$ cat work28.pdb   # PDB, C-alpha atoms
ATOM      1  CA  MET W   1       3.275  -0.231  26.034
ATOM      2  CA  THR W   2       3.844  -3.615  27.611
ATOM      3  CA  SER W   3       7.157  -5.074  26.584
ATOM      4  CA  VAL W   4       7.801  -8.483  25.085
ATOM      5  CA  ALA W   5       9.606  -9.611  28.220
ATOM      6  CA  ASP W   6       6.500  -8.985  30.338
ATOM      7  CA  THR W   7       4.083 -11.020  28.273
ATOM      8  CA  GLY W   8       5.960 -13.570  26.202
ATOM      9  CA  VAL W   9       4.219 -12.216  23.082
ATOM     10  CA  GLU W  10       6.459 -11.757  20.060
ATOM     11  CA  TRP W  11       5.880  -8.109  19.142
ATOM     12  CA  LEU W  12       5.399  -7.108  15.475
ATOM     13  CA  THR W  13       8.550  -6.163  13.582
ATOM     14  CA  ALA W  14       8.674  -2.729  11.955
ATOM     15  CA  ASP W  15       7.844  -4.275   8.561
ATOM     16  CA  GLU W  16       4.938  -6.272   9.976
ATOM     17  CA  MET W  17       3.634  -3.204  11.795
ATOM     18  CA  GLN W  18       3.767  -1.223   8.550
ATOM     19  CA  ALA W  19       1.835  -3.946   6.693
ATOM     20  CA  TRP W  20      -0.720  -4.292   9.493
ATOM     21  CA  ARG W  21      -1.315  -0.551   9.812
ATOM     22  CA  ALA W  22      -1.641  -0.126   6.052
ATOM     23  CA  TYR W  23      -4.204  -2.935   5.990
ATOM     24  CA  ILE W  24      -6.235  -2.111   9.116
ATOM     25  CA  GLU W  25      -6.418   1.592   8.284
ATOM     26  CA  THR W  26      -7.504   0.929   4.690
ATOM     27  CA  PHE W  27      -9.818  -2.063   4.486
ATOM     28  CA  ALA W  28     -12.836  -0.335   6.060
ATOM     29  CA  ASP W  29     -12.432   2.704   3.785
ATOM     30  CA  LEU W  30     -12.085   0.401   0.790
ATOM     31  CA  THR W  31     -15.250  -1.495   1.739
ATOM     32  CA  ASN W  32     -17.085   1.813   2.234
ATOM     33  CA  ALA W  33     -15.955   3.057  -1.189
ATOM     34  CA  LEU W  34     -17.082  -0.155  -2.915
ATOM     35  CA  GLU W  35     -20.419  -0.081  -1.028
ATOM     36  CA  ARG W  36     -20.928   3.599  -1.907
ATOM     37  CA  ASP W  37     -20.411   2.865  -5.598
ATOM     38  CA  LEU W  38     -22.916  -0.016  -5.439
ATOM     39  CA  VAL W  39     -25.561   2.297  -3.921
ATOM     40  CA  ASP W  40     -25.819   3.789  -7.432
ATOM     41  CA  VAL W  41     -27.111   0.460  -8.728
ATOM     42  CA  GLY W  42     -29.166  -0.344  -5.620
ATOM     43  CA  ILE W  43     -27.367  -3.339  -4.135
ATOM     44  CA  THR W  44     -25.061  -4.009  -1.179
ATOM     45  CA  LEU W  45     -21.647  -5.623  -1.495
ATOM     46  CA  GLY W  46     -22.884  -8.593   0.571
ATOM     47  CA  ASP W  47     -25.959  -9.116  -1.627
ATOM     48  CA  TYR W  48     -23.824  -8.785  -4.751
ATOM     49  CA  GLN W  49     -21.527 -11.496  -3.428
ATOM     50  CA  VAL W  50     -24.498 -13.830  -2.807
ATOM     51  CA  LEU W  51     -25.660 -13.341  -6.411
ATOM     52  CA  VAL W  52     -22.130 -14.111  -7.658
ATOM     53  CA  TYR W  53     -21.925 -17.328  -5.622
ATOM     54  CA  LEU W  54     -25.330 -18.555  -6.837
ATOM     55  CA  SER W  55     -24.598 -17.592 -10.463
ATOM     56  CA  GLU W  56     -21.450 -19.726 -10.444
ATOM     57  CA  THR W  57     -23.183 -22.964  -9.440
ATOM     58  CA  GLU W  58     -24.329 -25.440 -12.044
ATOM     59  CA  ASP W  59     -28.063 -24.964 -11.453
ATOM     60  CA  ARG W  60     -27.843 -21.410 -10.108
ATOM     61  CA  ALA W  61     -28.871 -22.957  -6.807
ATOM     62  CA  MET W  62     -27.084 -23.808  -3.592
ATOM     63  CA  ARG W  63     -28.052 -25.663  -0.420
ATOM     64  CA  MET W  64     -28.878 -23.094   2.252
ATOM     65  CA  SER W  65     -26.486 -24.884   4.601
ATOM     66  CA  ASP W  66     -23.621 -24.603   2.078
ATOM     67  CA  LEU W  67     -24.367 -20.917   1.491
ATOM     68  CA  ALA W  68     -24.455 -20.321   5.255
ATOM     69  CA  GLU W  69     -21.070 -22.038   5.582
ATOM     70  CA  LEU W  70     -19.628 -19.946   2.716
ATOM     71  CA  LEU W  71     -20.897 -16.721   4.289
ATOM     72  CA  GLN W  72     -20.058 -17.881   7.833
ATOM     73  CA  LEU W  73     -23.638 -17.275   8.961
ATOM     74  CA  SER W  74     -26.012 -19.174  11.252
ATOM     75  CA  PRO W  75     -29.216 -20.545   9.632
ATOM     76  CA  SER W  76     -31.229 -17.636  11.062
ATOM     77  CA  GLY W  77     -28.481 -15.194  10.059
ATOM     78  CA  LEU W  78     -28.655 -16.457   6.481
ATOM     79  CA  THR W  79     -32.459 -16.136   6.444
ATOM     80  CA  ARG W  80     -32.177 -12.500   7.488
ATOM     81  CA  ARG W  81     -29.299 -12.044   5.043
ATOM     82  CA  LEU W  82     -31.419 -13.257   2.118
ATOM     83  CA  ASP W  83     -34.579 -11.344   3.039
ATOM     84  CA  GLY W  84     -33.757  -8.347   0.841
ATOM     85  CA  LEU W  85     -32.837 -10.463  -2.194
ATOM     86  CA  VAL W  86     -35.972 -12.591  -1.735
ATOM     87  CA  ALA W  87     -38.158  -9.478  -1.426
ATOM     88  CA  ALA W  88     -36.522  -8.112  -4.596
ATOM     89  CA  GLY W  89     -37.385 -11.352  -6.401
ATOM     90  CA  ALA W  90     -33.700 -12.064  -7.057
ATOM     91  CA  VAL W  91     -33.515 -15.224  -4.960
ATOM     92  CA  THR W  92     -36.134 -17.808  -4.010
ATOM     93  CA  ARG W  93     -35.954 -20.465  -1.315
ATOM     94  CA  LYS W  94     -37.346 -23.872  -2.177
ATOM     95  CA  GLY W  95     -37.011 -27.535  -1.305
ATOM     96  CA  SER W  96     -34.437 -29.520  -3.273
ATOM     97  CA  LEU W  97     -35.835 -31.619  -6.126
ATOM     98  CA  ARG W  98     -33.790 -34.552  -4.850
ATOM     99  CA  ASP W  99     -34.748 -34.167  -1.204
ATOM    100  CA  ARG W 100     -37.573 -31.792  -0.247
ATOM    101  CA  ARG W 101     -36.234 -31.525   3.296
ATOM    102  CA  VAL W 102     -33.090 -29.821   1.964
ATOM    103  CA  MET W 103     -33.726 -26.105   1.442
ATOM    104  CA  MET W 104     -32.053 -24.464  -1.540
ATOM    105  CA  ALA W 105     -31.384 -20.810  -2.352
ATOM    106  CA  VAL W 106     -32.084 -20.318  -6.066
ATOM    107  CA  LEU W 107     -31.030 -17.408  -8.278
ATOM    108  CA  THR W 108     -34.056 -16.294 -10.317
ATOM    109  CA  PRO W 109     -33.851 -14.923 -13.873
ATOM    110  CA  ALA W 110     -34.566 -11.507 -12.315
ATOM    111  CA  GLY W 111     -31.644 -12.078  -9.937
ATOM    112  CA  LEU W 112     -29.343 -12.986 -12.793
ATOM    113  CA  ALA W 113     -30.478  -9.874 -14.667
ATOM    114  CA  MET W 114     -29.752  -7.810 -11.535
ATOM    115  CA  LEU W 115     -26.243  -9.255 -11.348
ATOM    116  CA  GLU W 116     -25.614  -8.590 -15.037
ATOM    117  CA  ARG W 117     -26.845  -5.021 -14.643
ATOM    118  CA  CYS W 118     -24.656  -4.350 -11.576
ATOM    119  CA  ALA W 119     -21.516  -6.233 -12.656
ATOM    120  CA  PRO W 120     -19.975  -3.698 -15.084
ATOM    121  CA  HIS W 121     -20.499  -0.921 -12.536
ATOM    122  CA  HIS W 122     -18.956  -3.006  -9.755
ATOM    123  CA  VAL W 123     -16.004  -4.185 -11.847
ATOM    124  CA  ALA W 124     -15.248  -0.587 -12.804
ATOM    125  CA  SER W 125     -15.381   0.318  -9.096
ATOM    126  CA  VAL W 126     -13.032  -2.539  -8.108
ATOM    127  CA  ARG W 127     -10.656  -1.574 -10.883
ATOM    128  CA  ARG W 128     -10.675   2.097  -9.908
ATOM    129  CA  HIS W 129     -10.184   1.501  -6.171
ATOM    130  CA  ILE W 130      -7.753  -1.422  -6.338
ATOM    131  CA  PHE W 131      -6.193  -2.535  -9.595
ATOM    132  CA  ASP W 132      -5.540   0.894 -11.100
ATOM    133  CA  HIS W 133      -3.061   1.327  -8.223
ATOM    134  CA  LEU W 134      -1.261  -2.039  -8.397
ATOM    135  CA  ASP W 135       1.321  -3.488 -10.780
ATOM    136  CA  ALA W 136       1.269  -7.135 -11.921
ATOM    137  CA  GLU W 137       3.616  -8.233  -9.149
ATOM    138  CA  GLN W 138       1.402  -6.657  -6.495
ATOM    139  CA  VAL W 139      -1.698  -8.262  -7.995
ATOM    140  CA  ALA W 140      -0.022 -11.669  -7.782
ATOM    141  CA  ALA W 141       1.105 -10.948  -4.212
ATOM    142  CA  MET W 142      -2.418  -9.891  -3.185
ATOM    143  CA  ALA W 143      -3.723 -13.278  -4.331
ATOM    144  CA  THR W 144      -1.069 -15.297  -2.492
ATOM    145  CA  ILE W 145      -1.327 -13.193   0.692
ATOM    146  CA  PHE W 146      -5.075 -13.592   1.096
ATOM    147  CA  THR W 147      -5.060 -17.195  -0.057
ATOM    148  CA  ALA W 148      -2.512 -17.919   2.691
ATOM    149  CA  ILE W 149      -4.529 -16.021   5.307
ATOM    150  CA  ALA W 150      -7.727 -17.798   4.212
ATOM    151  CA  ALA W 151      -6.012 -21.189   4.479
ATOM    152  CA  GLY W 152      -4.938 -20.333   8.018
ATOM    153  CA  LEU W 153      -8.489 -19.296   8.957
ATOM    154  CA  ALA W 154      -9.953 -22.463   7.406
ATOM    155  CA  ASP W 155      -7.395 -24.558   9.244
ATOM    156  CA  GLU W 156      -8.243 -22.944  12.566
ATOM    157  CA  HIS W 157     -11.974 -23.231  11.811
ATOM    158  CA  SER W 158     -11.711 -26.965  11.136
ATOM    159  CA  ARG W 159      -9.587 -27.493  14.266
ATOM    160  CA  ARG W 160     -12.112 -25.616  16.413
ATOM    161  CA  SER W 161     -15.110 -27.457  15.009
ATOM    162  CA  GLY W 162     -13.217 -30.735  15.227
ATOM    163  CA  THR W 163     -13.837 -31.612  11.581
ATOM    164  CA  ALA W 164     -11.542 -31.868   8.568
ATOM    165  CA  THR W 165     -12.372 -29.563   5.643
TER     166      THR W 165
ATOM    167  CA  MET Z 166     -22.540 -12.153 -18.007
ATOM    168  CA  THR Z 167     -22.413  -8.865 -19.896
ATOM    169  CA  SER Z 168     -19.408  -8.727 -22.167
ATOM    170  CA  VAL Z 169     -16.805  -5.996 -22.350
ATOM    171  CA  ALA Z 170     -18.054  -4.960 -25.788
ATOM    172  CA  ASP Z 171     -21.533  -4.231 -24.429
ATOM    173  CA  THR Z 172     -20.497  -1.968 -21.597
ATOM    174  CA  GLY Z 173     -17.103  -0.463 -22.324
ATOM    175  CA  VAL Z 174     -15.897  -1.753 -18.940
ATOM    176  CA  GLU Z 175     -12.474  -3.369 -18.902
ATOM    177  CA  TRP Z 176     -13.158  -6.773 -17.322
ATOM    178  CA  LEU Z 177     -10.766  -8.137 -14.663
ATOM    179  CA  THR Z 178      -7.916 -10.299 -15.936
ATOM    180  CA  ALA Z 179      -7.609 -13.828 -14.536
ATOM    181  CA  ASP Z 180      -4.844 -12.668 -12.164
ATOM    182  CA  GLU Z 181      -6.854  -9.672 -11.003
ATOM    183  CA  MET Z 182      -9.926 -11.860 -10.495
ATOM    184  CA  GLN Z 183      -7.870 -14.276  -8.417
ATOM    185  CA  ALA Z 184      -6.530 -11.432  -6.244
ATOM    186  CA  TRP Z 185      -9.973  -9.885  -5.881
ATOM    187  CA  ARG Z 186     -11.695 -13.142  -4.966
ATOM    188  CA  ALA Z 187      -8.979 -14.053  -2.470
ATOM    189  CA  TYR Z 188      -9.382 -10.642  -0.838
ATOM    190  CA  ILE Z 189     -13.179 -10.288  -0.860
ATOM    191  CA  GLU Z 190     -13.743 -13.832   0.373
ATOM    192  CA  THR Z 191     -11.218 -13.462   3.206
ATOM    193  CA  PHE Z 192     -11.323  -9.971   4.671
ATOM    194  CA  ALA Z 193     -14.667 -10.420   6.478
ATOM    195  CA  ASP Z 194     -13.575 -13.763   7.950
ATOM    196  CA  LEU Z 195     -10.295 -12.190   9.024
ATOM    197  CA  THR Z 196     -12.089  -9.294  10.702
ATOM    198  CA  ASN Z 197     -14.441 -11.743  12.439
ATOM    199  CA  ALA Z 198     -11.514 -13.814  13.693
ATOM    200  CA  LEU Z 199      -9.720 -10.739  15.070
ATOM    201  CA  GLU Z 200     -12.967  -9.481  16.669
ATOM    202  CA  ARG Z 201     -13.656 -12.912  18.177
ATOM    203  CA  ASP Z 202     -10.207 -12.983  19.771
ATOM    204  CA  LEU Z 203     -10.729  -9.497  21.223
ATOM    205  CA  VAL Z 204     -14.010 -10.589  22.851
ATOM    206  CA  ASP Z 205     -11.798 -12.484  25.315
ATOM    207  CA  VAL Z 206     -10.399  -9.178  26.572
ATOM    208  CA  GLY Z 207     -13.693  -7.290  26.272
ATOM    209  CA  ILE Z 208     -13.030  -4.772  23.503
ATOM    210  CA  THR Z 209     -14.021  -4.380  19.848
ATOM    211  CA  LEU Z 210     -11.521  -3.968  17.021
ATOM    212  CA  GLY Z 211     -12.873  -0.475  16.347
ATOM    213  CA  ASP Z 212     -12.531   0.607  19.983
ATOM    214  CA  TYR Z 213      -9.039  -0.873  20.136
ATOM    215  CA  GLN Z 214      -8.093   1.177  17.065
ATOM    216  CA  VAL Z 215      -9.392   4.379  18.724
ATOM    217  CA  LEU Z 216      -7.252   3.696  21.818
ATOM    218  CA  VAL Z 217      -4.210   3.126  19.575
ATOM    219  CA  TYR Z 218      -4.750   6.408  17.710
ATOM    220  CA  LEU Z 219      -5.124   8.395  20.936
ATOM    221  CA  SER Z 220      -2.139   6.667  22.596
ATOM    222  CA  GLU Z 221       0.110   7.708  19.717
ATOM    223  CA  THR Z 222      -0.585  11.440  20.013
ATOM    224  CA  GLU Z 223       1.683  13.696  22.033
ATOM    225  CA  ASP Z 224      -0.849  14.481  24.765
ATOM    226  CA  ARG Z 225      -2.917  11.294  24.392
ATOM    227  CA  ALA Z 226      -5.600  13.616  23.050
ATOM    228  CA  MET Z 227      -6.991  14.409  19.633
ATOM    229  CA  ARG Z 228      -9.454  16.952  18.284
ATOM    230  CA  MET Z 229     -12.818  15.254  17.833
ATOM    231  CA  SER Z 230     -12.917  16.565  14.259
ATOM    232  CA  ASP Z 231      -9.513  15.006  13.465
ATOM    233  CA  LEU Z 232     -10.561  11.690  14.995
ATOM    234  CA  ALA Z 233     -13.810  11.765  12.981
ATOM    235  CA  GLU Z 234     -11.795  12.386   9.813
ATOM    236  CA  LEU Z 235      -9.422   9.536  10.642
ATOM    237  CA  LEU Z 236     -12.312   7.140  11.271
ATOM    238  CA  GLN Z 237     -14.375   8.539   8.370
ATOM    239  CA  LEU Z 238     -17.292   9.281  10.673
ATOM    240  CA  SER Z 239     -19.756  12.153  10.958
ATOM    241  CA  PRO Z 240     -19.682  14.165  14.235
ATOM    242  CA  SER Z 241     -22.767  12.290  15.516
ATOM    243  CA  GLY Z 242     -21.307   9.007  14.273
ATOM    244  CA  LEU Z 243     -18.138   9.668  16.276
ATOM    245  CA  THR Z 244     -20.150  10.524  19.398
ATOM    246  CA  ARG Z 245     -21.974   7.182  19.162
ATOM    247  CA  ARG Z 246     -18.682   5.468  18.346
ATOM    248  CA  LEU Z 247     -17.039   6.807  21.535
ATOM    249  CA  ASP Z 248     -20.013   6.127  23.851
ATOM    250  CA  GLY Z 249     -18.743   2.698  24.940
ATOM    251  CA  LEU Z 250     -15.198   3.895  25.607
ATOM    252  CA  VAL Z 251     -16.508   6.940  27.514
ATOM    253  CA  ALA Z 252     -18.843   4.734  29.595
ATOM    254  CA  ALA Z 253     -15.892   2.442  30.334
ATOM    255  CA  GLY Z 254     -13.883   5.453  31.519
ATOM    256  CA  ALA Z 255     -11.246   4.862  28.836
ATOM    257  CA  VAL Z 256     -11.850   8.119  26.970
ATOM    258  CA  THR Z 257     -13.139  11.498  28.095
ATOM    259  CA  ARG Z 258     -14.400  14.362  25.973
ATOM    260  CA  LYS Z 259     -13.372  17.861  27.011
ATOM    261  CA  GLY Z 260     -12.791  21.326  25.655
ATOM    262  CA  SER Z 261      -9.280  22.084  24.396
ATOM    263  CA  LEU Z 262      -7.054  24.010  26.809
ATOM    264  CA  ARG Z 263      -6.122  26.327  23.937
ATOM    265  CA  ASP Z 264      -9.646  26.880  22.671
ATOM    266  CA  ARG Z 265     -12.598  25.713  24.788
ATOM    267  CA  ARG Z 266     -14.830  25.593  21.689
ATOM    268  CA  VAL Z 267     -12.673  22.791  20.242
ATOM    269  CA  MET Z 268     -13.723  19.424  21.683
ATOM    270  CA  MET Z 269     -10.995  16.882  22.323
ATOM    271  CA  ALA Z 270     -11.125  13.116  22.839
ATOM    272  CA  VAL Z 271      -8.664  12.267  25.627
ATOM    273  CA  LEU Z 272      -7.260   8.865  26.546
ATOM    274  CA  THR Z 273      -7.506   8.419  30.319
ATOM    275  CA  PRO Z 274      -4.969   6.486  32.426
ATOM    276  CA  ALA Z 275      -7.644   3.754  32.642
ATOM    277  CA  GLY Z 276      -7.876   3.780  28.836
ATOM    278  CA  LEU Z 277      -4.121   3.448  28.484
ATOM    279  CA  ALA Z 278      -4.165   0.582  30.991
ATOM    280  CA  MET Z 279      -6.954  -1.068  28.950
ATOM    281  CA  LEU Z 280      -4.857  -0.757  25.792
ATOM    282  CA  GLU Z 281      -1.775  -2.182  27.521
ATOM    283  CA  ARG Z 282      -3.832  -5.066  28.868
ATOM    284  CA  CYS Z 283      -5.362  -5.879  25.446
ATOM    285  CA  ALA Z 284      -2.302  -5.270  23.258
ATOM    286  CA  PRO Z 285      -0.362  -8.521  23.822
ATOM    287  CA  HIS Z 286      -3.521 -10.547  23.232
ATOM    288  CA  HIS Z 287      -4.309  -8.594  20.061
ATOM    289  CA  VAL Z 288      -0.761  -8.753  18.714
ATOM    290  CA  ALA Z 289      -0.717 -12.515  19.232
ATOM    291  CA  SER Z 290      -4.020 -12.706  17.338
ATOM    292  CA  VAL Z 291      -2.736 -10.582  14.435
ATOM    293  CA  ARG Z 292       0.409 -12.682  14.285
ATOM    294  CA  ARG Z 293      -1.505 -15.958  14.334
ATOM    295  CA  HIS Z 294      -4.069 -14.932  11.695
ATOM    296  CA  ILE Z 295      -1.780 -12.970   9.364
ATOM    297  CA  PHE Z 296       1.974 -12.937   9.818
ATOM    298  CA  ASP Z 297       2.450 -16.593  10.708
ATOM    299  CA  HIS Z 298       1.286 -17.291   7.126
ATOM    300  CA  LEU Z 299       3.384 -14.716   5.243
ATOM    301  CA  ASP Z 300       7.064 -14.535   4.295
ATOM    302  CA  ALA Z 301       9.075 -11.288   4.406
ATOM    303  CA  GLU Z 302       8.379 -10.517   0.746
ATOM    304  CA  GLN Z 303       4.635 -10.877   1.246
ATOM    305  CA  VAL Z 304       4.758  -8.690   4.349
ATOM    306  CA  ALA Z 305       6.475  -5.972   2.324
ATOM    307  CA  ALA Z 306       3.974  -6.403  -0.525
ATOM    308  CA  MET Z 307       1.028  -6.159   1.883
ATOM    309  CA  ALA Z 308       2.317  -2.770   3.042
ATOM    310  CA  THR Z 309       2.821  -1.385  -0.473
ATOM    311  CA  ILE Z 310      -0.520  -2.764  -1.759
ATOM    312  CA  PHE Z 311      -2.631  -1.172   0.959
ATOM    313  CA  THR Z 312      -0.588   2.011   1.023
ATOM    314  CA  ALA Z 313      -1.266   2.356  -2.725
ATOM    315  CA  ILE Z 314      -4.988   1.632  -2.307
ATOM    316  CA  ALA Z 315      -5.184   4.094   0.603
ATOM    317  CA  ALA Z 316      -3.501   6.782  -1.483
ATOM    318  CA  GLY Z 317      -6.054   6.236  -4.231
ATOM    319  CA  LEU Z 318      -8.932   6.497  -1.765
ATOM    320  CA  ALA Z 319      -7.474   9.661  -0.214
ATOM    321  CA  ASP Z 320      -7.000  11.144  -3.673
ATOM    322  CA  GLU Z 321     -10.603  10.436  -4.629
ATOM    323  CA  HIS Z 322     -11.815  11.719  -1.248
ATOM    324  CA  SER Z 323      -9.983  15.025  -1.689
ATOM    325  CA  ARG Z 324     -11.250  15.384  -5.272
ATOM    326  CA  ARG Z 325     -14.836  14.752  -4.179
ATOM    327  CA  SER Z 326     -14.676  17.174  -1.277
ATOM    328  CA  GLY Z 327     -12.873  19.702  -3.468
ATOM    329  CA  THR Z 328      -9.984  20.138  -1.056
ATOM    330  CA  ALA Z 329      -6.334  19.193  -1.190
ATOM    331  CA  THR Z 330      -5.126  16.844   1.527
TER     332      THR Z 330
END
$ encode --input "work28.pdb" --output "structure tokens"
Amino acid sequence: MTSVADTGVEWLTADEMQAWRAYIETFADLTNALERDLVDVGITLGDYQVLVYLSETEDRAMRMSDLAELLQLSPSGLTRRLDGLVAAGAVTRKGSLRDRRVMMAVLTPAGLAMLERCAPHHVASVRRHIFDHLDAEQVAAMATIFTAIAAGLADEHSRRSGTAT
Amino acid sequence: MTSVADTGVEWLTADEMQAWRAYIETFADLTNALERDLVDVGITLGDYQVLVYLSETEDRAMRMSDLAELLQLSPSGLTRRLDGLVAAGAVTRKGSLRDRRVMMAVLTPAGLAMLERCAPHHVASVRRHIFDHLDAEQVAAMATIFTAIAAGLADEHSRRSGTAT
């Protein structure tokens, strides 16, 4: 392996390497396990997350551009992303009441019912795969760790796009 | 939202919800950022991980079945997974010297050189996106959290497949 002296890169410490390996070797398996559990109720983790986001807005509706930003998708990527939920009648796309040129993604009553039907199953899955294995201190640490990482990503994103968030 | 009383599911506490949301809303962005950085050196995160696994074995070789288990892939899934690395000359598939019926994935000198070329870039990326934002306590917590989750997943996997690990 290339040494630090050769490249100027600060190598990972033993503790950092342990944290990184534990994370990188687990997150895909964790995602697979959560996805596999959701198959039982006929929804993907990504679609579930879209329903959650829409359900938490005031009007159960969100500008397509805001949803795309939240999901880090291009406009066409978001369209493809929503196709399944639209076909299932869970989400509709329509012009904003305030400005018809602004397209909104709207959670339908059927979509809300789908979320309510899937939620207990998903929460039980999240509890079984994650929180059953963590104590209160670890739960708190998990929040601060990923909040810190997210802040770093947002910071880099705003620097790259030349805008303040 | 369906209440606990209706379903018998123990809802997430506020702290658990905070940890879960921080994780689920960050891990995909983190993966994308790491993948994006690796594009600069022409390798995917998954392929990089395969090179790491093979480089850490005694003979820079691993039984295909062990590699499939490690990556949680079917035999055909692993074949597809390795196609790019084989085409790039980084990995070869060949029969074991001990038992020709056992297929091995072998890291070539070119594959090792590829790993050594990519590693400093990748380590700098991991440091920038993760460890620059965490203190020593959080690094330690990250290791224990994902080790605990991994143990739970392995436990469930062995129960489902009816074998002890």
$ residues_around --input "work28.pdb" --residues "Z:His322" --least-positions-apart "3" --cutoff "12 Å" --atoms "only C-alpha atoms" --output "list in words"
Asp29, Leu30, Asn32, Ala33 and His129 of chain W; Glu234, Gln237, Ala315, Ala316, Gly317, Leu318, Ala319, Arg325, Ser326, Gly327, Thr328, Ala329 and Thr330 of chain Z
$ atom_distance --input "work28.pdb" --atom1 "atom CA of W:Arg128" --atom2 "atom CA of W:Ile145"
20.8 Å
$ closest_residue --input "work28.pdb" --among "W:Asp37, W:His133, W:Thr92, W:Glu116" --to "Z:Thr172" --atoms "only C-alpha atoms"
W:Glu116
$ resolve_selection --input "work28.pdb" --expression "the ChimeraX specification (/Z :<6) & /W" --output "MDAnalysis selection string"
chainID W and resid 1:2 9 18:19 22:23 26 116 120 130 133 142:143 146:150
$ axis_aligned_box --input "work28.pdb" --around "stretch 6-11 of chain W" --padding-each-side "3 Å" --output "lines of an AutoDock Vina configuration file"
center_x = 5.3
center_y = -10.8
center_z = 24.7
size_x = 8.4
size_y = 11.5
size_z = 17.2
$ atom_distance --input "work28.pdb" --atom1 "atom CA of Z:Met279" --atom2 "atom CA of Z:Thr209"
12.0 Å
$ build_atoms --input "work28.pdb" --residues "stretch 265-270 of chain Z" --atoms "all heavy atoms" --output "PDB file, keeping the file's coordinate frame"
ATOM      1  N   ARG Z 265     -11.548  26.522  24.149  1.00  0.00           N
ATOM      2  CA  ARG Z 265     -12.598  25.713  24.788  1.00  0.00           C
ATOM      3  C   ARG Z 265     -13.685  25.279  23.805  1.00  0.00           C
ATOM      4  O   ARG Z 265     -14.439  24.359  24.081  1.00  0.00           O
ATOM      5  CB  ARG Z 265     -13.273  26.503  25.935  1.00  0.00           C
ATOM      6  CG  ARG Z 265     -12.341  26.988  27.037  1.00  0.00           C
ATOM      7  CD  ARG Z 265     -11.781  25.876  27.886  1.00  0.00           C
ATOM      8  NE  ARG Z 265     -12.808  25.025  28.506  1.00  0.00           N
ATOM      9  CZ  ARG Z 265     -12.545  23.960  29.237  1.00  0.00           C
ATOM     10  NH1 ARG Z 265     -11.290  23.583  29.430  1.00  0.00           N
ATOM     11  NH2 ARG Z 265     -13.510  23.235  29.752  1.00  0.00           N
ATOM     12  N   ARG Z 266     -13.783  25.969  22.653  1.00  0.00           N
ATOM     13  CA  ARG Z 266     -14.830  25.593  21.689  1.00  0.00           C
ATOM     14  C   ARG Z 266     -14.439  24.328  20.927  1.00  0.00           C
ATOM     15  O   ARG Z 266     -15.277  23.685  20.316  1.00  0.00           O
ATOM     16  CB  ARG Z 266     -15.069  26.746  20.697  1.00  0.00           C
ATOM     17  CG  ARG Z 266     -15.717  27.968  21.332  1.00  0.00           C
ATOM     18  CD  ARG Z 266     -15.550  29.168  20.428  1.00  0.00           C
ATOM     19  NE  ARG Z 266     -14.121  29.422  20.132  1.00  0.00           N
ATOM     20  CZ  ARG Z 266     -13.686  30.403  19.354  1.00  0.00           C
ATOM     21  NH1 ARG Z 266     -14.538  31.212  18.756  1.00  0.00           N
ATOM     22  NH2 ARG Z 266     -12.391  30.567  19.146  1.00  0.00           N
ATOM     23  N   VAL Z 267     -13.140  23.991  20.941  1.00  0.00           N
ATOM     24  CA  VAL Z 267     -12.673  22.791  20.242  1.00  0.00           C
ATOM     25  C   VAL Z 267     -12.765  21.599  21.194  1.00  0.00           C
ATOM     26  O   VAL Z 267     -12.121  21.589  22.248  1.00  0.00           O
ATOM     27  CB  VAL Z 267     -11.213  22.970  19.761  1.00  0.00           C
ATOM     28  CG1 VAL Z 267     -10.682  21.663  19.179  1.00  0.00           C
ATOM     29  CG2 VAL Z 267     -11.134  24.104  18.747  1.00  0.00           C
ATOM     30  N   MET Z 268     -13.579  20.605  20.825  1.00  0.00           N
ATOM     31  CA  MET Z 268     -13.723  19.424  21.683  1.00  0.00           C
ATOM     32  C   MET Z 268     -12.619  18.407  21.365  1.00  0.00           C
ATOM     33  O   MET Z 268     -12.304  18.153  20.213  1.00  0.00           O
ATOM     34  CB  MET Z 268     -15.098  18.770  21.462  1.00  0.00           C
ATOM     35  CG  MET Z 268     -16.247  19.540  22.106  1.00  0.00           C
ATOM     36  SD  MET Z 268     -16.022  19.793  23.908  1.00  0.00           S
ATOM     37  CE  MET Z 268     -16.285  18.110  24.510  1.00  0.00           C
ATOM     38  N   MET Z 269     -12.061  17.872  22.442  1.00  0.00           N
ATOM     39  CA  MET Z 269     -10.995  16.882  22.323  1.00  0.00           C
ATOM     40  C   MET Z 269     -11.477  15.523  22.857  1.00  0.00           C
ATOM     41  O   MET Z 269     -12.276  15.463  23.779  1.00  0.00           O
ATOM     42  CB  MET Z 269      -9.772  17.292  23.157  1.00  0.00           C
ATOM     43  CG  MET Z 269      -9.265  18.703  22.949  1.00  0.00           C
ATOM     44  SD  MET Z 269      -8.450  18.915  21.355  1.00  0.00           S
ATOM     45  CE  MET Z 269      -6.925  17.975  21.640  1.00  0.00           C
ATOM     46  N   ALA Z 270     -10.969  14.459  22.250  1.00  0.00           N
ATOM     47  CA  ALA Z 270     -11.125  13.116  22.839  1.00  0.00           C
ATOM     48  C   ALA Z 270      -9.803  12.820  23.536  1.00  0.00           C
ATOM     49  O   ALA Z 270      -8.731  12.957  22.937  1.00  0.00           O
ATOM     50  CB  ALA Z 270     -11.412  12.084  21.766  1.00  0.00           C
TER      51      ALA Z 270
END
